[in-house]
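Encoded as structure tokens, the structure appears first; notes follow it.
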Amino acid sequence: MSSVVESLPHRRVRLGSIEPAAVAVLKRLDPVIVIACLFASQGAFSQPLTPAIGYLALVVFIISSPLLGRFDLPHAEPHGESPFSRFPSACSRVLVRWGAIVAALLFIAFVFNVVERFSREVMLTWFVITPVALCLAQALRLRASWFAAHEPAERYIIVGVNDVGLELARRLPAKGFSGYFDFRSPDRISPLLQADKFAGHCRNLADHVRTHTIGRVYIALPLANVPRLSELINALRDTTASVYFVPDAFAFDLIQGRFAEVNGMPVLSVCETPFHGTDAVLKRLMDVALGGCALLLALPVIVLIAVGVKLSSRGPVFFRQRRYGLNGEEITVYKFRSMTVCEDGAVVTQATARDHRVTAIGRFIRRTSLDELPQLFNVLQGTMSLVGPRPHAVAHNEKYRRLINGYMVRHKVRPGITGLAQVHGLRGETETVEKMAERVRYDLEYLRNWSPWLDIRILIKSLRVVCSDYKNAY
């Protein structure tokens, strides 16, 4: 045991890809193409490189990396369909995403009043040639993936007839698959496995690999029997096959599941925030830009509501309530006061239909969600986001965290003014634990699947919900 421990510091695991080199490089070129087109447009009109262009290139790279760097290349279909048939849809996605980037840049330039610092001819040329270059890059990707799919397939086998092994076979190309190996006999393995897919017992694995020129071996066995796994891997060292261990990462309920490395040691993210690196910067930029614009547009309405609240009943204009924010830290959330009380103690009673505590103007601003407008200050302050799980009162958090599994995971991100649960009809009172559990389910789904496009879709749908759905807001 001591020799193993002593050798660990000298072992390293690096994250990488097993894709063909050309495909791997082409999949990550889009942000570079965008910046190259910017500098090319600048050079075409003999414009000097200024600090403003440098800042623009940095902002564009930050915005375009998550938006344009997430295309999955289609594989050739089993029935001979060429991936080039998907070129029109791929180009349409490029155009839509580039349009969103341009809109964001124009908005930022307008807000910060920097339009005059850039040549109009350069910007227009850049806006036009960039989508053309991106579509050409997409065509190169499709061509590279087509060649990769039609090259002589490297033969591979999967060790382990279990959920992980079966799912791995579904995700790998069928071309080159030489069957399953397992430590069990055929009569004890999954009835879902076709007889002709079982290639043999693991005791014969190394001989089979040598005899049939197998290029890759995927080991999808659990770690319960390490000596047996070590024996298997040692036997495969007498072959030229590449050996991959596939851990059962799906045994957990993953929130932003991903592999990472800590100074050469692999770690599996089981529960993590989606906002790391450029994603965190992009999320904050969207909050500041869109939140600032919304606050400017809503300022006259905010003033009118403030006057109405003050005249309608005695008490403060704003209602401040303690809630849990990012990482479960307490924050102060602002709302227009819509009730005759300002509850923020150990017990907070949720508003109900025809609640006598709600004022006349309070009923209107609650139904239209205008009472949430002061939370735009929270967004600019950095304690909230435009989109995210809705913050609950501290008293409700302490109650439901004991009743609903995973409740506190929703605090891995900043709380939002609106969220995925709210646009699915879960607004207003949650009078049962089941309703709150359903809201939490949508919150965790948001964490699993976050993207800038999901935020934009939620914001658009929220506007429709506010304008049409009054039954759950009171």
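Residues are named by chain letter and number: chains run A, B, ... in the order of the structure tokens, numbers start at 1 in each chain, and ligands are numbered from 1 in the order shown.
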
If we count only C-alpha atoms, what is near A:Arg322 at a cut-off of 7 Å, once residues fewer than 2 positions away on the same chain are taken out, given as a ChimeraX atom specification? /A:320,330-333,344,393-394

Give the strand (DSSP E or B) residues of stretch 157-399 of chain A, as assigned by DSSP on the backbone, as a ChimeraX atom specification. /A:157-159,177-182,198-201,216-219,242-245,255,258-262,265-269,271,318-324,330-336,339,358,385-387,393

Keeping only C-alpha atoms, take the residues you just selected and write them out as a PDB file, in the first residue's frame.
ATOM      1  CA  ILE A 157     -14.988  -4.016 -28.123  1.00  0.00           C
ATOM      2  CA  ILE A 158     -16.812  -3.161 -24.903  1.00  0.00           C
ATOM      3  CA  VAL A 159     -16.109  -5.048 -21.676  1.00  0.00           C
ATOM      4  CA  PHE A 177     -18.066  -2.669 -33.117  1.00  0.00           C
ATOM      5  CA  SER A 178     -16.874  -6.248 -32.506  1.00  0.00           C
ATOM      6  CA  GLY A 179     -19.085  -7.200 -29.567  1.00  0.00           C
ATOM      7  CA  TYR A 180     -19.177  -7.399 -25.773  1.00  0.00           C
ATOM      8  CA  PHE A 181     -17.020  -9.274 -23.300  1.00  0.00           C
ATOM      9  CA  ASP A 182     -18.047 -10.008 -19.737  1.00  0.00           C
ATOM     10  CA  PHE A 198     -21.666 -11.351 -27.121  1.00  0.00           C
ATOM     11  CA  ALA A 199     -18.047 -11.988 -28.152  1.00  0.00           C
ATOM     12  CA  GLY A 200     -16.774 -13.998 -25.202  1.00  0.00           C
ATOM     13  CA  HIS A 201     -15.625 -14.307 -21.605  1.00  0.00           C
ATOM     14  CA  ARG A 216      -9.750  -0.022 -28.801  1.00  0.00           C
ATOM     15  CA  VAL A 217     -11.053  -1.685 -25.656  1.00  0.00           C
ATOM     16  CA  TYR A 218     -13.639   0.148 -23.534  1.00  0.00           C
ATOM     17  CA  ILE A 219     -13.901  -1.250 -19.993  1.00  0.00           C
ATOM     18  CA  SER A 242      -5.823   1.449 -26.670  1.00  0.00           C
ATOM     19  CA  VAL A 243      -7.611   0.775 -23.384  1.00  0.00           C
ATOM     20  CA  TYR A 244     -10.225   3.141 -21.917  1.00  0.00           C
ATOM     21  CA  PHE A 245     -11.967   2.846 -18.562  1.00  0.00           C
ATOM     22  CA  ILE A 255     -25.884  18.656 -11.764  1.00  0.00           C
ATOM     23  CA  ARG A 258     -18.201  17.056 -16.088  1.00  0.00           C
ATOM     24  CA  PHE A 259     -14.701  15.693 -15.696  1.00  0.00           C
ATOM     25  CA  ALA A 260     -11.946  18.056 -14.633  1.00  0.00           C
ATOM     26  CA  GLU A 261      -8.427  17.781 -13.311  1.00  0.00           C
ATOM     27  CA  VAL A 262      -6.778  19.065 -10.162  1.00  0.00           C
ATOM     28  CA  MET A 265      -5.752  14.177 -10.775  1.00  0.00           C
ATOM     29  CA  PRO A 266      -9.126  13.492 -12.454  1.00  0.00           C
ATOM     30  CA  VAL A 267     -12.244  14.574 -10.606  1.00  0.00           C
ATOM     31  CA  LEU A 268     -15.886  14.084 -11.534  1.00  0.00           C
ATOM     32  CA  SER A 269     -18.206  17.011 -10.942  1.00  0.00           C
ATOM     33  CA  CYS A 271     -22.980  18.794  -8.283  1.00  0.00           C
ATOM     34  CA  PHE A 318     -40.117  49.107  -0.536  1.00  0.00           C
ATOM     35  CA  PHE A 319     -40.410  45.778   1.228  1.00  0.00           C
ATOM     36  CA  ARG A 320     -37.057  44.293   2.208  1.00  0.00           C
ATOM     37  CA  GLN A 321     -36.910  40.589   2.941  1.00  0.00           C
ATOM     38  CA  ARG A 322     -34.024  38.302   3.887  1.00  0.00           C
ATOM     39  CA  ARG A 323     -33.575  35.449   1.434  1.00  0.00           C
ATOM     40  CA  TYR A 324     -30.899  32.946   0.488  1.00  0.00           C
ATOM     41  CA  GLU A 330     -28.284  35.694   3.092  1.00  0.00           C
ATOM     42  CA  ILE A 331     -29.202  38.594   0.820  1.00  0.00           C
ATOM     43  CA  THR A 332     -31.739  41.406   1.039  1.00  0.00           C
ATOM     44  CA  VAL A 333     -34.305  41.311  -1.769  1.00  0.00           C
ATOM     45  CA  TYR A 334     -36.266  44.443  -2.697  1.00  0.00           C
ATOM     46  CA  LYS A 335     -39.925  44.529  -3.740  1.00  0.00           C
ATOM     47  CA  PHE A 336     -42.654  47.115  -3.778  1.00  0.00           C
ATOM     48  CA  MET A 339     -49.375  44.280   1.797  1.00  0.00           C
ATOM     49  CA  VAL A 358     -52.991  42.795   0.197  1.00  0.00           C
ATOM     50  CA  SER A 385     -29.768  37.461 -11.783  1.00  0.00           C
ATOM     51  CA  LEU A 386     -32.474  38.100 -14.360  1.00  0.00           C
ATOM     52  CA  VAL A 387     -33.027  34.345 -14.728  1.00  0.00           C
ATOM     53  CA  ALA A 393     -37.994  33.604   2.341  1.00  0.00           C
TER      54      ALA A 393
END

Quick one: residues within 12 Å of stretch 114-119 of chain A, only C-alpha atoms, excluding same-chain residues fewer than 2 positions away - as an NGL selection string? :A and (38 or 41-56 or 105-112 or 121-126)

Keeping only C-alpha atoms, write the selected residues as a short mmCIF file (atom, residue, chain, number, x, y, z; two decimals), in the first residue's frame.
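This is the output file part-v9.cif:
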data_model
loop_
_atom_site.label_atom_id
_atom_site.label_comp_id
_atom_site.auth_asym_id
_atom_site.auth_seq_id
_atom_site.Cartn_x
_atom_site.Cartn_y
_atom_site.Cartn_z
CA LEU A 38 -12.73 41.64 -37.34
CA SER A 41 -12.17 44.06 -41.96
CA GLN A 42 -10.02 46.57 -40.10
CA GLY A 43 -7.11 45.90 -42.45
CA ALA A 44 -9.25 46.03 -45.60
CA PHE A 45 -10.00 49.70 -44.95
CA SER A 46 -6.44 50.46 -43.78
CA GLN A 47 -7.68 51.32 -40.30
CA PRO A 48 -5.09 51.27 -37.49
CA LEU A 49 -5.41 48.80 -34.61
CA THR A 50 -6.60 50.85 -31.66
CA PRO A 51 -7.21 49.93 -28.00
CA ALA A 52 -10.94 50.14 -28.75
CA ILE A 53 -10.60 47.33 -31.32
CA GLY A 54 -8.65 45.29 -28.79
CA TYR A 55 -11.38 45.70 -26.18
CA LEU A 56 -14.01 44.83 -28.80
CA LEU A 105 -22.72 44.34 -29.27
CA LEU A 106 -24.95 47.11 -30.64
CA PHE A 107 -26.74 47.33 -27.32
CA ILE A 108 -23.48 47.55 -25.37
CA ALA A 109 -22.13 50.18 -27.77
CA PHE A 110 -25.33 52.22 -27.36
CA VAL A 111 -25.38 51.98 -23.56
CA PHE A 112 -21.72 52.97 -23.17
CA GLU A 121 -17.59 50.64 -42.95
CA VAL A 122 -15.40 48.27 -40.90
CA MET A 123 -18.28 47.20 -38.65
CA LEU A 124 -20.73 46.63 -41.51
CA THR A 125 -18.13 44.63 -43.44
CA TRP A 126 -17.37 42.56 -40.34
#

May I have the residues within 10 Å of stretch 464-468 of chain A as a VMD selection string, using only C-alpha atoms and disregarding those fewer than 3 positions away in the same chain? chain A and resid 367 to 370 422 to 425 427 458 to 461 471 473

Contact residues around stretch 274-282 of chain A with only C-alpha atoms at 9 Å, ignoring same-chain residues under 5 positions, as a PyMOL selection string: chain A and resi 62-63+65-66+255-256+287+412-413+447-452

Selection from above, N, CA and C atoms, as a compact mmCIF listing (two decimals), in the first residue's frame, can you write it?
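Contents of the output file part.txt:
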# COMPACT_ATOMS: atom_id res chain seq x y z
N ILE A 62 -15.36 36.66 -25.57
CA ILE A 62 -16.07 36.19 -24.37
C ILE A 62 -17.50 35.81 -24.72
N ILE A 63 -18.17 36.62 -25.56
CA ILE A 63 -19.57 36.34 -25.89
C ILE A 63 -19.68 35.17 -26.85
N SER A 65 -17.59 32.63 -27.49
CA SER A 65 -17.08 31.31 -27.09
C SER A 65 -18.18 30.37 -26.66
N PRO A 66 -19.08 30.77 -25.75
CA PRO A 66 -20.15 29.84 -25.38
C PRO A 66 -21.25 29.74 -26.42
N ILE A 255 -25.58 17.25 -11.52
CA ILE A 255 -25.88 18.66 -11.76
C ILE A 255 -24.63 19.26 -12.38
N GLN A 256 -24.67 19.55 -13.69
CA GLN A 256 -23.50 20.03 -14.42
C GLN A 256 -22.36 19.02 -14.32
N ASP A 287 -26.74 40.00 -17.51
CA ASP A 287 -27.50 40.59 -16.41
C ASP A 287 -27.32 42.10 -16.37
N LYS A 412 -26.77 26.98 -5.97
CA LYS A 412 -25.47 26.96 -6.63
C LYS A 412 -25.35 28.12 -7.63
N VAL A 413 -26.46 28.80 -7.92
CA VAL A 413 -26.46 29.95 -8.82
C VAL A 413 -27.19 31.10 -8.13
N LEU A 447 -30.38 24.22 -13.82
CA LEU A 447 -28.94 24.10 -13.55
C LEU A 447 -28.30 23.08 -14.47
N ARG A 448 -28.99 21.98 -14.75
CA ARG A 448 -28.41 20.93 -15.61
C ARG A 448 -28.24 21.41 -17.05
N ASN A 449 -29.17 22.21 -17.54
CA ASN A 449 -29.24 22.50 -18.97
C ASN A 449 -28.99 23.97 -19.32
N TRP A 450 -28.36 24.73 -18.41
CA TRP A 450 -28.22 26.15 -18.68
C TRP A 450 -27.46 26.41 -19.97
N SER A 451 -27.93 27.42 -20.68
CA SER A 451 -27.22 27.99 -21.83
C SER A 451 -27.73 29.42 -21.98
N PRO A 452 -27.00 30.29 -22.67
CA PRO A 452 -27.52 31.65 -22.90
C PRO A 452 -28.87 31.64 -23.59

DSSP on the backbone: what in stretch 218-302 of chain A comes out helix (DSSP H, G or I), as a CSV table (one decimal) with C-alpha atoms, in the first residue's frame?
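The file below, out39.csv, is the result:
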chain,number,residue,atom,x,y,z
A,226,VAL,CA,-10.3,-3.9,-8.4
A,227,PRO,CA,-8.0,-7.0,-8.4
A,228,ARG,CA,-10.0,-8.5,-11.3
A,229,LEU,CA,-9.9,-5.2,-13.2
A,230,SER,CA,-6.1,-4.9,-12.6
A,231,GLU,CA,-5.7,-8.5,-13.9
A,232,LEU,CA,-7.7,-7.6,-17.0
A,233,ILE,CA,-5.7,-4.4,-17.7
A,234,ASN,CA,-2.4,-6.2,-17.2
A,235,ALA,CA,-3.4,-8.9,-19.7
A,236,LEU,CA,-4.2,-6.1,-22.3
A,249,ALA,CA,-20.8,8.5,-13.8
A,250,PHE,CA,-24.6,8.2,-14.4
A,251,ALA,CA,-25.0,6.4,-11.1
A,278,THR,CA,-16.4,32.5,-19.9
A,279,ASP,CA,-19.9,31.3,-19.0
A,280,ALA,CA,-19.7,33.2,-15.7
A,281,VAL,CA,-18.6,36.3,-17.5
A,282,LEU,CA,-21.3,36.0,-20.2
A,283,LYS,CA,-24.0,35.5,-17.6
A,284,ARG,CA,-23.0,38.6,-15.7
A,285,LEU,CA,-22.7,40.7,-18.9
A,286,MET,CA,-26.2,39.6,-19.9
A,287,ASP,CA,-27.5,40.6,-16.4
A,288,VAL,CA,-25.8,44.0,-16.4
A,289,ALA,CA,-26.7,44.9,-20.0
A,290,LEU,CA,-30.3,43.6,-20.1
A,291,GLY,CA,-30.9,44.6,-16.4
A,292,GLY,CA,-29.6,48.1,-17.0
A,293,CYS,CA,-31.7,48.6,-20.1
A,294,ALA,CA,-34.8,47.2,-18.3
A,295,LEU,CA,-34.2,49.6,-15.4
A,296,LEU,CA,-33.9,52.6,-17.7
A,297,LEU,CA,-37.1,51.7,-19.5
A,298,ALA,CA,-39.0,50.9,-16.3
A,299,LEU,CA,-37.9,54.0,-14.4
A,300,PRO,CA,-41.1,56.1,-15.1
A,301,VAL,CA,-43.2,53.1,-14.1
A,302,ILE,CA,-41.2,52.6,-10.9

Nearest-residue call for A:Asn204, choices A:Phe183, A:Val409, A:Leu172, A:Asn327, using only C-alpha atoms: A:Phe183

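Reported to one decimal place, the separation of atom CA of A:Tyr407 from atom CA of A:Ala437 is 8.1 Å.
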
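Closest to A:Lys175 among A:Phe87, A:Tyr156, A:Tyr446, A:Phe127 is A:Tyr156, based on only C-alpha atoms.
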
Determine, counting only C-alpha atoms, which protein, DNA and RNA residues have an atom within 9 Å of an atom of A:Ala220; residues of the same chain fewer than 6 positions away are not included. Present the result as an NGL selection string. :A and (158-165 or 168 or 244-248)

Keeping N, CA and C atoms, export the residues of the selection given above as a PDB file, in the first residue's frame.
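Done, and the output landed in selection-v1.pdb:
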ATOM      1  N   ILE A 158     -16.385  -3.719 -26.183  1.00  0.00           N
ATOM      2  CA  ILE A 158     -16.812  -3.161 -24.903  1.00  0.00           C
ATOM      3  C   ILE A 158     -16.825  -4.289 -23.877  1.00  0.00           C
ATOM      4  N   VAL A 159     -16.152  -4.065 -22.757  1.00  0.00           N
ATOM      5  CA  VAL A 159     -16.109  -5.048 -21.676  1.00  0.00           C
ATOM      6  C   VAL A 159     -17.126  -4.635 -20.626  1.00  0.00           C
ATOM      7  N   GLY A 160     -18.176  -5.429 -20.469  1.00  0.00           N
ATOM      8  CA  GLY A 160     -19.210  -5.119 -19.476  1.00  0.00           C
ATOM      9  C   GLY A 160     -20.571  -4.996 -20.114  1.00  0.00           C
ATOM     10  N   VAL A 161     -21.417  -6.008 -19.897  1.00  0.00           N
ATOM     11  CA  VAL A 161     -22.795  -5.951 -20.383  1.00  0.00           C
ATOM     12  C   VAL A 161     -23.646  -5.424 -19.225  1.00  0.00           C
ATOM     13  N   ASN A 162     -23.734  -4.123 -19.131  1.00  0.00           N
ATOM     14  CA  ASN A 162     -24.518  -3.444 -18.093  1.00  0.00           C
ATOM     15  C   ASN A 162     -25.065  -2.152 -18.672  1.00  0.00           C
ATOM     16  N   ASP A 163     -25.698  -1.352 -17.844  1.00  0.00           N
ATOM     17  CA  ASP A 163     -26.299  -0.116 -18.348  1.00  0.00           C
ATOM     18  C   ASP A 163     -25.267   0.794 -18.995  1.00  0.00           C
ATOM     19  N   VAL A 164     -24.082   0.892 -18.374  1.00  0.00           N
ATOM     20  CA  VAL A 164     -23.037   1.762 -18.917  1.00  0.00           C
ATOM     21  C   VAL A 164     -22.540   1.229 -20.256  1.00  0.00           C
ATOM     22  N   GLY A 165     -22.282  -0.082 -20.335  1.00  0.00           N
ATOM     23  CA  GLY A 165     -21.799  -0.678 -21.580  1.00  0.00           C
ATOM     24  C   GLY A 165     -22.804  -0.567 -22.705  1.00  0.00           C
ATOM     25  N   LEU A 168     -22.967   3.060 -23.811  1.00  0.00           N
ATOM     26  CA  LEU A 168     -21.762   3.412 -24.553  1.00  0.00           C
ATOM     27  C   LEU A 168     -21.856   2.916 -25.994  1.00  0.00           C
ATOM     28  N   TYR A 244      -9.529   2.040 -22.566  1.00  0.00           N
ATOM     29  CA  TYR A 244     -10.225   3.141 -21.917  1.00  0.00           C
ATOM     30  C   TYR A 244     -11.118   2.590 -20.816  1.00  0.00           C
ATOM     31  N   PHE A 245     -11.058   3.215 -19.653  1.00  0.00           N
ATOM     32  CA  PHE A 245     -11.967   2.846 -18.562  1.00  0.00           C
ATOM     33  C   PHE A 245     -13.130   3.828 -18.553  1.00  0.00           C
ATOM     34  N   VAL A 246     -14.350   3.307 -18.554  1.00  0.00           N
ATOM     35  CA  VAL A 246     -15.558   4.137 -18.597  1.00  0.00           C
ATOM     36  C   VAL A 246     -16.254   4.035 -17.241  1.00  0.00           C
ATOM     37  N   PRO A 247     -16.084   5.017 -16.355  1.00  0.00           N
ATOM     38  CA  PRO A 247     -16.725   4.935 -15.035  1.00  0.00           C
ATOM     39  C   PRO A 247     -18.221   5.163 -15.138  1.00  0.00           C
ATOM     40  N   ASP A 248     -18.951   4.626 -14.205  1.00  0.00           N
ATOM     41  CA  ASP A 248     -20.407   4.780 -14.190  1.00  0.00           C
ATOM     42  C   ASP A 248     -20.761   6.125 -13.555  1.00  0.00           C
TER      43      ASP A 248
END
